[in-house]
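Right, one structure below, let's go through it.
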Amino acid sequence: MRWLFRDADGELLTDSTGCYVLRRGGNGLRAYVYVPVDAAEKLRALAARKGVDMDAGADPGDRSS
């Protein structure tokens, strides 16, 4: 699925693509998990365009990103 994120004026900020895992049950299909495909890259790009430092205050020993 492709999500579009817009600002208060309706201008496109960014988009993101991901996949839902669906299961059929007694009440029809249910979404159980969403797996983002490109969310981290798109968020970093948006932050850079807006002048937001995503690493400000980060622990220099943290290698999770």
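Residue numbers start at 1 in each chain; chains themselves are named A, B, ... in the order of the structure tokens; ligands are numbered from 1 in the order shown.
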With only C-alpha atoms as the counted atoms, please give the residues lying no more than 9 Å from Arg2 of chain A, apart from itself and same-chain residues fewer than 5 positions off, as an NGL selection string. :A and (15-19)
Export, as a PDB file, in the first residue's frame, the selected residues with N, CA, C and O atoms.
ATOM      1  N   ASP A  15       5.801  10.305   0.747  1.00  0.00           N
ATOM      2  CA  ASP A  15       4.974   9.116   0.613  1.00  0.00           C
ATOM      3  C   ASP A  15       5.745   7.958   1.221  1.00  0.00           C
ATOM      4  O   ASP A  15       6.918   8.098   1.551  1.00  0.00           O
ATOM      5  N   SER A  16       5.085   6.857   1.401  1.00  0.00           N
ATOM      6  CA  SER A  16       5.729   5.672   1.933  1.00  0.00           C
ATOM      7  C   SER A  16       4.980   4.443   1.443  1.00  0.00           C
ATOM      8  O   SER A  16       3.767   4.483   1.262  1.00  0.00           O
ATOM      9  N   THR A  17       5.730   3.399   1.231  1.00  0.00           N
ATOM     10  CA  THR A  17       5.152   2.148   0.750  1.00  0.00           C
ATOM     11  C   THR A  17       5.387   1.052   1.779  1.00  0.00           C
ATOM     12  O   THR A  17       6.430   1.004   2.416  1.00  0.00           O
ATOM     13  N   GLY A  18       4.401   0.191   1.929  1.00  0.00           N
ATOM     14  CA  GLY A  18       4.532  -0.927   2.841  1.00  0.00           C
ATOM     15  C   GLY A  18       3.532  -2.007   2.492  1.00  0.00           C
ATOM     16  O   GLY A  18       2.698  -1.842   1.601  1.00  0.00           O
ATOM     17  N   CYS A  19       3.641  -3.110   3.192  1.00  0.00           N
ATOM     18  CA  CYS A  19       2.763  -4.255   2.945  1.00  0.00           C
ATOM     19  C   CYS A  19       2.039  -4.644   4.229  1.00  0.00           C
ATOM     20  O   CYS A  19       2.635  -4.634   5.303  1.00  0.00           O
TER      21      CYS A  19
END
Selection: 8 Å around Tyr20 of chain A, only C-alpha atoms, excl. self and same-chain fewer than 3 positions, as a list of chain:residue names: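 The neighbour list is A:Met1, A:Ala31, A:Tyr32, A:Val33, A:Tyr34, A:Val35.
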File of the preceding selection, N, CA and C atoms, as a PDB file, in the first residue's frame:
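The new file again_38.pdb reads:
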ATOM      1  N   MET A   1       0.836  -1.138   0.000  1.00  0.00           N
ATOM      2  CA  MET A   1       0.000   0.000   0.000  1.00  0.00           C
ATOM      3  C   MET A   1       0.899   1.225   0.000  1.00  0.00           C
ATOM      4  N   ALA A  31      -6.154  -7.145   9.161  1.00  0.00           N
ATOM      5  CA  ALA A  31      -4.739  -6.783   9.039  1.00  0.00           C
ATOM      6  C   ALA A  31      -4.063  -7.096  10.365  1.00  0.00           C
ATOM      7  N   TYR A  32      -2.965  -7.839  10.309  1.00  0.00           N
ATOM      8  CA  TYR A  32      -2.259  -8.226  11.528  1.00  0.00           C
ATOM      9  C   TYR A  32      -0.955  -7.473  11.727  1.00  0.00           C
ATOM     10  N   VAL A  33      -0.301  -7.115  10.657  1.00  0.00           N
ATOM     11  CA  VAL A  33       0.968  -6.402  10.791  1.00  0.00           C
ATOM     12  C   VAL A  33       1.211  -5.586   9.519  1.00  0.00           C
ATOM     13  N   TYR A  34       1.875  -4.461   9.698  1.00  0.00           N
ATOM     14  CA  TYR A  34       2.270  -3.615   8.573  1.00  0.00           C
ATOM     15  C   TYR A  34       3.790  -3.630   8.493  1.00  0.00           C
ATOM     16  N   VAL A  35       4.330  -3.915   7.333  1.00  0.00           N
ATOM     17  CA  VAL A  35       5.778  -3.978   7.146  1.00  0.00           C
ATOM     18  C   VAL A  35       6.182  -2.823   6.229  1.00  0.00           C
TER      19      VAL A  35
END
Residues within 8 Å of Arg44 of chain A, only C-alpha atoms, excluding chain neighbours under 4 positions, as a short mmCIF file (atom, residue, chain, number, x, y, z; two decimals) with C-alpha atoms, in the first residue's frame:
data_model
loop_
_atom_site.label_atom_id
_atom_site.label_comp_id
_atom_site.auth_asym_id
_atom_site.auth_seq_id
_atom_site.Cartn_x
_atom_site.Cartn_y
_atom_site.Cartn_z
CA ALA A 40 13.11 5.30 7.29
CA ALA A 48 16.60 16.99 5.74
CA MET A 54 17.26 13.56 13.19
#
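Atom pair atom CA of Leu4 of chain A / atom CA of Ala56 of chain A has a distance of 26.3 Å (rounded to one decimal).
Proximity of A:Trp3, A:Ala8, A:Arg30, A:Thr14 to Leu46 of chain A, computed with only C-alpha atoms, is greatest for A:Thr14.
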With DSSP run on the backbone, what are the strand (DSSP E or B) residues within chain A? I'd like them as a PyMOL selection string. chain A and resi 2-6+12-25+28-36
Restricting the output to N, CA and C atoms, write the selected residues as a JSON list (two decimals), in the first residue's frame.
[["chain", "number", "residue", "atom", "x", "y", "z"],
["A", 2, "ARG", "N", 0.46, 2.25, -0.65],
["A", 2, "ARG", "CA", 1.21, 3.51, -0.67],
["A", 2, "ARG", "C", 0.44, 4.54, 0.15],
["A", 3, "TRP", "N", 1.14, 5.13, 1.12],
["A", 3, "TRP", "CA", 0.58, 6.19, 1.96],
["A", 3, "TRP", "C", 1.12, 7.53, 1.48],
["A", 4, "LEU", "N", 0.26, 8.54, 1.46],
["A", 4, "LEU", "CA", 0.66, 9.90, 1.12],
["A", 4, "LEU", "C", 0.50, 10.76, 2.36],
["A", 5, "PHE", "N", 1.53, 11.54, 2.69],
["A", 5, "PHE", "CA", 1.50, 12.41, 3.86],
["A", 5, "PHE", "C", 1.52, 13.85, 3.38],
["A", 6, "ARG", "N", 0.51, 14.62, 3.81],
["A", 6, "ARG", "CA", 0.36, 16.00, 3.36],
["A", 6, "ARG", "C", 0.39, 16.96, 4.54],
["A", 12, "LEU", "N", 1.93, 17.77, -0.65],
["A", 12, "LEU", "CA", 2.56, 16.47, -0.38],
["A", 12, "LEU", "C", 3.89, 16.67, 0.32],
["A", 13, "LEU", "N", 4.05, 16.08, 1.50],
["A", 13, "LEU", "CA", 5.31, 16.10, 2.23],
["A", 13, "LEU", "C", 6.19, 14.94, 1.80],
["A", 14, "THR", "N", 5.61, 13.75, 1.82],
["A", 14, "THR", "CA", 6.33, 12.55, 1.42],
["A", 14, "THR", "C", 5.32, 11.42, 1.21],
["A", 15, "ASP", "N", 5.80, 10.30, 0.75],
["A", 15, "ASP", "CA", 4.97, 9.12, 0.61],
["A", 15, "ASP", "C", 5.74, 7.96, 1.22],
["A", 16, "SER", "N", 5.09, 6.86, 1.40],
["A", 16, "SER", "CA", 5.73, 5.67, 1.93],
["A", 16, "SER", "C", 4.98, 4.44, 1.44],
["A", 17, "THR", "N", 5.73, 3.40, 1.23],
["A", 17, "THR", "CA", 5.15, 2.15, 0.75],
["A", 17, "THR", "C", 5.39, 1.05, 1.78],
["A", 18, "GLY", "N", 4.40, 0.19, 1.93],
["A", 18, "GLY", "CA", 4.53, -0.93, 2.84],
["A", 18, "GLY", "C", 3.53, -2.01, 2.49],
["A", 19, "CYS", "N", 3.64, -3.11, 3.19],
["A", 19, "CYS", "CA", 2.76, -4.25, 2.94],
["A", 19, "CYS", "C", 2.04, -4.64, 4.23],
["A", 20, "TYR", "N", 0.78, -4.97, 4.10],
["A", 20, "TYR", "CA", 0.00, -5.49, 5.22],
["A", 20, "TYR", "C", -0.06, -7.01, 5.12],
["A", 21, "VAL", "N", 0.03, -7.68, 6.24],
["A", 21, "VAL", "CA", -0.20, -9.12, 6.29],
["A", 21, "VAL", "C", -1.65, -9.30, 6.70],
["A", 22, "LEU", "N", -2.42, -9.94, 5.83],
["A", 22, "LEU", "CA", -3.84, -10.15, 6.07],
["A", 22, "LEU", "C", -4.12, -11.61, 6.37],
["A", 23, "ARG", "N", -5.10, -11.81, 7.24],
["A", 23, "ARG", "CA", -5.55, -13.17, 7.53],
["A", 23, "ARG", "C", -7.07, -13.21, 7.46],
["A", 24, "ARG", "N", -7.56, -14.28, 6.90],
["A", 24, "ARG", "CA", -9.01, -14.45, 6.83],
["A", 24, "ARG", "C", -9.47, -15.18, 8.08],
["A", 25, "GLY", "N", -10.48, -14.64, 8.72],
["A", 25, "GLY", "CA", -11.05, -15.25, 9.91],
["A", 25, "GLY", "C", -12.55, -15.31, 9.78],
["A", 28, "GLY", "N", -14.08, -12.16, 8.36],
["A", 28, "GLY", "CA", -13.50, -11.63, 7.13],
["A", 28, "GLY", "C", -12.01, -11.40, 7.28],
["A", 29, "LEU", "N", -11.46, -10.57, 6.39],
["A", 29, "LEU", "CA", -10.03, -10.28, 6.42],
["A", 29, "LEU", "C", -9.69, -9.31, 7.54],
["A", 30, "ARG", "N", -8.54, -9.56, 8.18],
["A", 30, "ARG", "CA", -8.04, -8.66, 9.22],
["A", 30, "ARG", "C", -6.57, -8.39, 8.95],
["A", 31, "ALA", "N", -6.15, -7.14, 9.16],
["A", 31, "ALA", "CA", -4.74, -6.78, 9.04],
["A", 31, "ALA", "C", -4.06, -7.10, 10.36],
["A", 32, "TYR", "N", -2.97, -7.84, 10.31],
["A", 32, "TYR", "CA", -2.26, -8.23, 11.53],
["A", 32, "TYR", "C", -0.95, -7.47, 11.73],
["A", 33, "VAL", "N", -0.30, -7.11, 10.66],
["A", 33, "VAL", "CA", 0.97, -6.40, 10.79],
["A", 33, "VAL", "C", 1.21, -5.59, 9.52],
["A", 34, "TYR", "N", 1.88, -4.46, 9.70],
["A", 34, "TYR", "CA", 2.27, -3.62, 8.57],
["A", 34, "TYR", "C", 3.79, -3.63, 8.49],
["A", 35, "VAL", "N", 4.33, -3.91, 7.33],
["A", 35, "VAL", "CA", 5.78, -3.98, 7.15],
["A", 35, "VAL", "C", 6.18, -2.82, 6.23],
["A", 36, "PRO", "N", 6.82, -1.78, 6.80],
["A", 36, "PRO", "CA", 7.22, -0.66, 5.96],
["A", 36, "PRO", "C", 8.38, -1.04, 5.05]]
Find the distance between atom CA of Val52 of chain A and atom CA of Asp7 of chain A and write it in Å to one decimal.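 Taking atom CA of Val52 of chain A and atom CA of Asp7 of chain A, their separation equals 15.7 Å.
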Distance of atom CA of Asp59 of chain A from atom CA of Ala39 of chain A, expressed in Å to one decimal place: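 Separation of atom CA of Ala39 of chain A and atom CA of Asp59 of chain A: 21.8 Å.
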